Every structure is written in structure tokens, then in C-alpha cells.
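Q: Quick one: the structure is below, and I'll ask about it shortly.
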Amino acid sequence: KTGLGGATIKVFVHALTDAVLPAEAEVVDRPVAQEIITRIGRVLREHSESIIKTDGVDVLNDLLKMTRKLIASLEGNGARFRFWLNTTLAFLRAGSVPLKLFGWEYLGELIRFIKTNRPPPSQLAVVGAGASAVNGLYQLTSGDPDNLQWTKTSEEGLTLTIFQCSIEGQGNRKWWYISHADESSPGTEQDIDYYKHEKPRGKHPPRLGWEGCDNE
């Protein structure tokens, strides 16, 4: 409500967080959590300027930190993104300089979130490969974040796949490959590898830096 001060809202959010997030809970997916977060978002967007005036920036900062914890309990990236997008836009449009600074801070987080969680492209185009059969348009055949794959069939009937594979002795590192996967043992030494990328950054295949493979 409009009459609530920031300190009172902070106590309220703290109690809600403890109620919605039991000590042993990791992720909850409850309608009540969504409703609570929706209401908190409305308070933040409509009353943050008055909270700063009456209680100071530190109280609002603490409130945002607790809200972040509650938001993290939601399953699905969409709900978290919508909350912070709407809150960030409201802060950036505010007349208060401290609120605008909060908005710029969360805008950076939104950009990082988008880069990290953007969906894989439905198609990949490979051009300029020395092995002409590798060139062409690959279709997404596995959207699993831990097992992304794009596949195409060449004019010669050769099925080629762009995928990531863990490399023995490299810890958790994965290399990207363009390969003709062995039908019985894909992702093994039985594959015929055409190109590889040993130092990928991000979750999707890099544009440059591919090297030819030696299958001997």
C-alpha cells in the first residue's frame, strides 16, 4: 500500500522470503510465490522514489537484494526476466538520480542475462570450408543446452553434425566439432571429424577460429 514505508516493506519481504523459501528449498514453483513477486514488483515500480526520500537508498538496496533472492526461486527464466525488465525500465524513467543508477546497474545484468540465456539459433550456415561437403545450412536437431546439435545432409548423402564433445584430460572443457558421427558410437574416436574449435567462448558455436582435423 502507498502508506507503507521502505523499512516496513523490507520486513514484510523478509518474512515472505522465509515463508516461501524453506531452509532446504532450492527452487520452488508456487502460484503464491508468483503472486507475491508480482505485488513486490508493483511496489518497487510505483513507490521506490518515496522509499528513497523517507528511508534512504540503503533500505531500497536491501529490499532489492531480498527481492532478488525471492525472484531466484521462480522456475523458468521468463518470469525472472520480465520482472527485472519492468523494474529496470521503471527505474530508468524515474526522476530520481539514485533510481536511475539502480536502473543502469540492472540494465547491465539484463544484457548479461540475455547473452547467457538466448535460445540457440534454429539454423547455422557454414561457408568457406576447405572440405566443400561441410559448407551449407545446418538445422537445429537438439536444443538441449547440454547437448546442442545442428545437422545437415550433403549432396553425397553424408550426414554432418555440429556438436560439442568433452575432451579427456581437459577437465570440464568441451570442444566444438563438425563431424560425420559414427552411427553406433557417436562422439567417439569412430567419428570422422572435419573441423574443431578448441577454445570456444559462450554456449553456441563460434564464428571464427576453426581448425581442420587429422583423422589418422
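Identifiers in the C-alpha cells: chain A, B, ... in order shown; residue index from 1 per chain; ligand index from 1 in order shown.
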Based on the backbone DSSP call, show me all residues of region 140-180 of chain A assigned strand (DSSP E), as a list in words.
A: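 Checking each residue of region 140-180 of chain A, the strand (DSSP E) ones are Leu140, Thr141, Ser142, Gln149, Trp150, Thr151, Lys152, Thr153, Thr159, Leu160, Thr161, Ile162, Phe163, Gln164, Cys165, Ser166, Lys174, Trp175, Trp176, Tyr177, Ile178, Ser179 and His180 of chain A.
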Q: Take the residues from that selection and write them out as an mmCIF file, in the first residue's frame, keeping N, CA, C and O atoms.
A:
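Dumped everything to part_8.cif:
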data_model
loop_
_atom_site.group_PDB
_atom_site.id
_atom_site.type_symbol
_atom_site.label_atom_id
_atom_site.label_comp_id
_atom_site.auth_asym_id
_atom_site.auth_seq_id
_atom_site.Cartn_x
_atom_site.Cartn_y
_atom_site.Cartn_z
ATOM 1 N N LEU A 140 18.896 -27.062 -36.496
ATOM 2 C CA LEU A 140 18.954 -27.457 -35.095
ATOM 3 C C LEU A 140 18.188 -28.760 -34.892
ATOM 4 O O LEU A 140 17.007 -28.849 -35.202
ATOM 5 N N THR A 141 18.866 -29.770 -34.386
ATOM 6 C CA THR A 141 18.228 -31.068 -34.152
ATOM 7 C C THR A 141 18.170 -31.433 -32.677
ATOM 8 O O THR A 141 17.465 -32.363 -32.299
ATOM 9 N N SER A 142 18.918 -30.710 -31.840
ATOM 10 C CA SER A 142 18.844 -30.907 -30.394
ATOM 11 C C SER A 142 19.014 -29.546 -29.717
ATOM 12 O O SER A 142 20.072 -28.925 -29.826
ATOM 13 N N GLN A 149 22.969 -29.555 -30.976
ATOM 14 C CA GLN A 149 23.412 -30.182 -32.227
ATOM 15 C C GLN A 149 22.681 -29.557 -33.411
ATOM 16 O O GLN A 149 21.485 -29.258 -33.327
ATOM 17 N N TRP A 150 23.440 -29.350 -34.474
ATOM 18 C CA TRP A 150 22.885 -28.925 -35.766
ATOM 19 C C TRP A 150 23.341 -29.930 -36.815
ATOM 20 O O TRP A 150 24.520 -30.353 -36.822
ATOM 21 N N THR A 151 22.447 -30.308 -37.718
ATOM 22 C CA THR A 151 22.744 -31.385 -38.662
ATOM 23 C C THR A 151 22.349 -30.992 -40.075
ATOM 24 O O THR A 151 21.382 -30.245 -40.281
ATOM 25 N N LYS A 152 23.104 -31.514 -41.028
ATOM 26 C CA LYS A 152 22.726 -31.374 -42.434
ATOM 27 C C LYS A 152 23.181 -32.609 -43.186
ATOM 28 O O LYS A 152 24.086 -33.338 -42.756
ATOM 29 N N THR A 153 22.539 -32.845 -44.316
ATOM 30 C CA THR A 153 22.929 -33.952 -45.190
ATOM 31 C C THR A 153 23.465 -33.370 -46.486
ATOM 32 O O THR A 153 22.801 -32.558 -47.142
ATOM 33 N N THR A 159 25.760 -37.326 -43.691
ATOM 34 C CA THR A 159 25.156 -36.582 -42.591
ATOM 35 C C THR A 159 26.243 -35.991 -41.711
ATOM 36 O O THR A 159 27.078 -36.713 -41.164
ATOM 37 N N LEU A 160 26.237 -34.662 -41.585
ATOM 38 C CA LEU A 160 27.247 -33.956 -40.802
ATOM 39 C C LEU A 160 26.583 -33.255 -39.619
ATOM 40 O O LEU A 160 25.450 -32.771 -39.732
ATOM 41 N N THR A 161 27.307 -33.195 -38.512
ATOM 42 C CA THR A 161 26.744 -32.632 -37.286
ATOM 43 C C THR A 161 27.725 -31.648 -36.658
ATOM 44 O O THR A 161 28.930 -31.902 -36.602
ATOM 45 N N ILE A 162 27.193 -30.523 -36.203
ATOM 46 C CA ILE A 162 27.954 -29.581 -35.388
ATOM 47 C C ILE A 162 27.546 -29.842 -33.942
ATOM 48 O O ILE A 162 26.362 -29.749 -33.599
ATOM 49 N N PHE A 163 28.514 -30.163 -33.101
ATOM 50 C CA PHE A 163 28.198 -30.517 -31.718
ATOM 51 C C PHE A 163 29.410 -30.280 -30.826
ATOM 52 O O PHE A 163 30.529 -30.060 -31.305
ATOM 53 N N GLN A 164 29.173 -30.341 -29.517
ATOM 54 C CA GLN A 164 30.245 -30.220 -28.544
ATOM 55 C C GLN A 164 30.557 -31.574 -27.937
ATOM 56 O O GLN A 164 29.671 -32.411 -27.763
ATOM 57 N N CYS A 165 31.839 -31.750 -27.574
ATOM 58 C CA CYS A 165 32.260 -33.023 -27.005
ATOM 59 C C CYS A 165 33.297 -32.768 -25.911
ATOM 60 O O CYS A 165 34.210 -31.956 -26.086
ATOM 61 N N SER A 166 33.126 -33.445 -24.771
ATOM 62 C CA SER A 166 34.113 -33.356 -23.693
ATOM 63 C C SER A 166 35.387 -34.060 -24.120
ATOM 64 O O SER A 166 35.354 -35.137 -24.718
ATOM 65 N N LYS A 174 34.876 -28.336 -23.198
ATOM 66 C CA LYS A 174 34.287 -29.006 -24.348
ATOM 67 C C LYS A 174 34.755 -28.316 -25.617
ATOM 68 O O LYS A 174 34.876 -27.094 -25.654
ATOM 69 N N TRP A 175 35.027 -29.107 -26.635
ATOM 70 C CA TRP A 175 35.406 -28.574 -27.937
ATOM 71 C C TRP A 175 34.230 -28.740 -28.886
ATOM 72 O O TRP A 175 33.444 -29.682 -28.782
ATOM 73 N N TRP A 176 34.148 -27.805 -29.840
ATOM 74 C CA TRP A 176 33.150 -27.929 -30.893
ATOM 75 C C TRP A 176 33.731 -28.714 -32.057
ATOM 76 O O TRP A 176 34.917 -28.581 -32.378
ATOM 77 N N TYR A 177 32.891 -29.545 -32.672
ATOM 78 C CA TYR A 177 33.308 -30.332 -33.824
ATOM 79 C C TYR A 177 32.280 -30.223 -34.938
ATOM 80 O O TYR A 177 31.079 -30.035 -34.690
ATOM 81 N N ILE A 178 32.756 -30.339 -36.167
ATOM 82 C CA ILE A 178 31.894 -30.612 -37.321
ATOM 83 C C ILE A 178 32.317 -31.983 -37.806
ATOM 84 O O ILE A 178 33.452 -32.171 -38.269
ATOM 85 N N SER A 179 31.434 -32.941 -37.658
ATOM 86 C CA SER A 179 31.831 -34.337 -37.867
ATOM 87 C C SER A 179 30.737 -35.135 -38.559
ATOM 88 O O SER A 179 29.557 -34.762 -38.560
ATOM 89 N N HIS A 180 31.192 -36.243 -39.132
ATOM 90 C CA HIS A 180 30.264 -37.295 -39.542
ATOM 91 C C HIS A 180 30.281 -38.303 -38.403
ATOM 92 O O HIS A 180 31.256 -39.031 -38.206
#
Q: If you count only C-alpha atoms, which residues fall within 12 Å of Arg93 (chain A), apart from same-chain ones fewer than 2 positions away, as an MDAnalysis selection string?
A: chainID A and resid 45:46 48:49 86:91 95:104
Q: Store the residues picked out above in a file with C-alpha atoms, as a short mmCIF file (atom, residue, chain, number, x, y, z; two decimals), in the first residue's frame.
A:
data_model
loop_
_atom_site.label_atom_id
_atom_site.label_comp_id
_atom_site.auth_asym_id
_atom_site.auth_seq_id
_atom_site.Cartn_x
_atom_site.Cartn_y
_atom_site.Cartn_z
CA ARG A 45 7.96 0.41 -9.60
CA GLU A 46 5.41 2.75 -8.01
CA SER A 48 10.73 3.42 -4.91
CA GLU A 49 11.16 7.20 -5.13
CA ASN A 86 9.79 -3.99 -15.99
CA THR A 87 11.54 -2.85 -12.81
CA THR A 88 14.62 -1.64 -14.70
CA LEU A 89 12.56 0.36 -17.19
CA ALA A 90 10.63 1.98 -14.34
CA PHE A 91 13.88 2.96 -12.61
CA GLY A 95 13.19 11.42 -11.93
CA SER A 96 15.42 10.32 -9.05
CA VAL A 97 19.14 10.07 -9.86
CA PRO A 98 19.72 7.17 -7.39
CA LEU A 99 16.88 5.23 -9.06
CA LYS A 100 18.34 5.87 -12.49
CA LEU A 101 21.66 4.48 -11.22
CA PHE A 102 19.87 1.37 -9.97
CA GLY A 103 18.29 1.11 -13.41
CA TRP A 104 21.65 1.28 -15.20
#
Q: If we count only C-alpha atoms and set the cut-off at 12 Å, which residues sit around Asn61 (chain A), ignoring sequence neighbours fewer than 2 positions away in its own chain? Please answer as a PyMOL selection string.
A: chain A and resi 6-7+10+44+48+51-52+55-59+63-68+98-99+101-103+105
Q: Restricting the output to C-alpha atoms, write the selected residues as a PDB file, in the first residue's frame.
A:
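To be explicit, this is the file written out as selection_24.pdb:
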ATOM      1  CA  GLY A   6      10.500   1.170   2.865  1.00  0.00           C
ATOM      2  CA  ALA A   7      11.595  -0.250   6.226  1.00  0.00           C
ATOM      3  CA  LYS A  10      11.613  -4.683   3.830  1.00  0.00           C
ATOM      4  CA  LEU A  44       9.068  -1.211  -6.356  1.00  0.00           C
ATOM      5  CA  SER A  48      10.727   3.424  -4.907  1.00  0.00           C
ATOM      6  CA  ILE A  51      11.135   4.935  -0.223  1.00  0.00           C
ATOM      7  CA  ILE A  52      14.400   6.706  -1.035  1.00  0.00           C
ATOM      8  CA  ASP A  55      14.085   5.734   4.308  1.00  0.00           C
ATOM      9  CA  GLY A  56      17.184   6.266   2.181  1.00  0.00           C
ATOM     10  CA  VAL A  57      18.988   4.412  -0.589  1.00  0.00           C
ATOM     11  CA  ASP A  58      20.317   1.678   1.717  1.00  0.00           C
ATOM     12  CA  VAL A  59      16.814   0.497   2.623  1.00  0.00           C
ATOM     13  CA  LEU A  63      14.860  -4.519  -0.396  1.00  0.00           C
ATOM     14  CA  LEU A  64      16.188  -5.212  -3.892  1.00  0.00           C
ATOM     15  CA  LYS A  65      18.656  -7.791  -2.556  1.00  0.00           C
ATOM     16  CA  MET A  66      15.905  -9.687  -0.749  1.00  0.00           C
ATOM     17  CA  THR A  67      13.670  -9.468  -3.806  1.00  0.00           C
ATOM     18  CA  ARG A  68      16.489 -10.932  -5.895  1.00  0.00           C
ATOM     19  CA  PRO A  98      19.717   7.165  -7.394  1.00  0.00           C
ATOM     20  CA  LEU A  99      16.884   5.233  -9.056  1.00  0.00           C
ATOM     21  CA  LEU A 101      21.663   4.483 -11.223  1.00  0.00           C
ATOM     22  CA  PHE A 102      19.873   1.369  -9.972  1.00  0.00           C
ATOM     23  CA  GLY A 103      18.291   1.109 -13.409  1.00  0.00           C
ATOM     24  CA  GLU A 105      23.050  -1.374 -12.862  1.00  0.00           C
TER      25      GLU A 105
END
Q: So how far away is CA of Tyr138 (chain A) from CA of Leu124 (chain A), in Å?
A: 5.1 Å
Q: Calculated over only C-alpha atoms, which of the candidates A:Ala133, A:Lys199, A:Asp146, A:Leu60 has the smallest distance to Val43 (chain A)?
A: A:Leu60
Q: From a DSSP calculation on the backbone, collect every residue of region 50-145 of chain A in alpha helix (DSSP H) and output the set as a PyMOL selection string.
A: chain A and resi 50-55+57-71+77-93+97-117
Q: Nearest to Pro205 (chain A) among A:Ser154, A:Ala125, A:Ser132, A:Arg42, with distances taken over only C-alpha atoms: which residue is it?
A: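 The closest residue to Pro205 (chain A) is A:Ala125.
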Q: Check the smallest atom-to-atom distance from each of A:Lys196, A:Arg112, A:Arg118, A:Arg82 to Pro145 (chain A) using only C-alpha atoms, then report the winner.
A: A:Arg118
Q: Counting only C-alpha atoms, what is within 12 Å of Gly128 (chain A), bar same-chain residues fewer than 5 positions away, as a list in words?
A: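 What passes the distance filter is Ala133, Val134, Asn135, Gly136, Arg207, Leu208 and Trp210 of chain A.
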Q: Give me a file of those residues, with N, CA and C atoms, as a PDB file, in the first residue's frame.
A:
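Here's the written file result.pdb:
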ATOM      1  N   ALA A 133      31.941 -30.391 -48.793  1.00  0.00           N
ATOM      2  CA  ALA A 133      30.754 -31.075 -48.280  1.00  0.00           C
ATOM      3  C   ALA A 133      30.290 -30.487 -46.948  1.00  0.00           C
ATOM      4  N   VAL A 134      31.219 -29.815 -46.254  1.00  0.00           N
ATOM      5  CA  VAL A 134      30.889 -29.245 -44.940  1.00  0.00           C
ATOM      6  C   VAL A 134      30.069 -27.963 -45.076  1.00  0.00           C
ATOM      7  N   ASN A 135      30.260 -27.253 -46.178  1.00  0.00           N
ATOM      8  CA  ASN A 135      29.536 -25.998 -46.371  1.00  0.00           C
ATOM      9  C   ASN A 135      28.042 -26.247 -46.509  1.00  0.00           C
ATOM     10  N   GLY A 136      27.263 -25.281 -46.032  1.00  0.00           N
ATOM     11  CA  GLY A 136      25.824 -25.410 -46.192  1.00  0.00           C
ATOM     12  C   GLY A 136      25.078 -25.004 -44.934  1.00  0.00           C
ATOM     13  N   ARG A 207      32.082 -18.211 -34.526  1.00  0.00           N
ATOM     14  CA  ARG A 207      32.113 -17.901 -35.948  1.00  0.00           C
ATOM     15  C   ARG A 207      33.490 -18.170 -36.563  1.00  0.00           C
ATOM     16  N   LEU A 208      34.544 -17.863 -35.817  1.00  0.00           N
ATOM     17  CA  LEU A 208      35.903 -17.942 -36.350  1.00  0.00           C
ATOM     18  C   LEU A 208      36.765 -18.847 -35.475  1.00  0.00           C
ATOM     19  N   TRP A 210      38.159 -21.941 -36.348  1.00  0.00           N
ATOM     20  CA  TRP A 210      38.052 -23.394 -36.556  1.00  0.00           C
ATOM     21  C   TRP A 210      39.323 -23.915 -37.218  1.00  0.00           C
TER      22      TRP A 210
END
Q: Do you have the CA of Ile36 (chain A)-CA of Leu110 (chain A) distance handy?
A: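 That distance, rounded to one decimal, is 21.6 Å.
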Q: In Å, rounded to a single decimal, give me how far CA of Glu211 (chain A) is from CA of Glu155 (chain A).
A: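 That distance, rounded to one decimal, is 23.1 Å.
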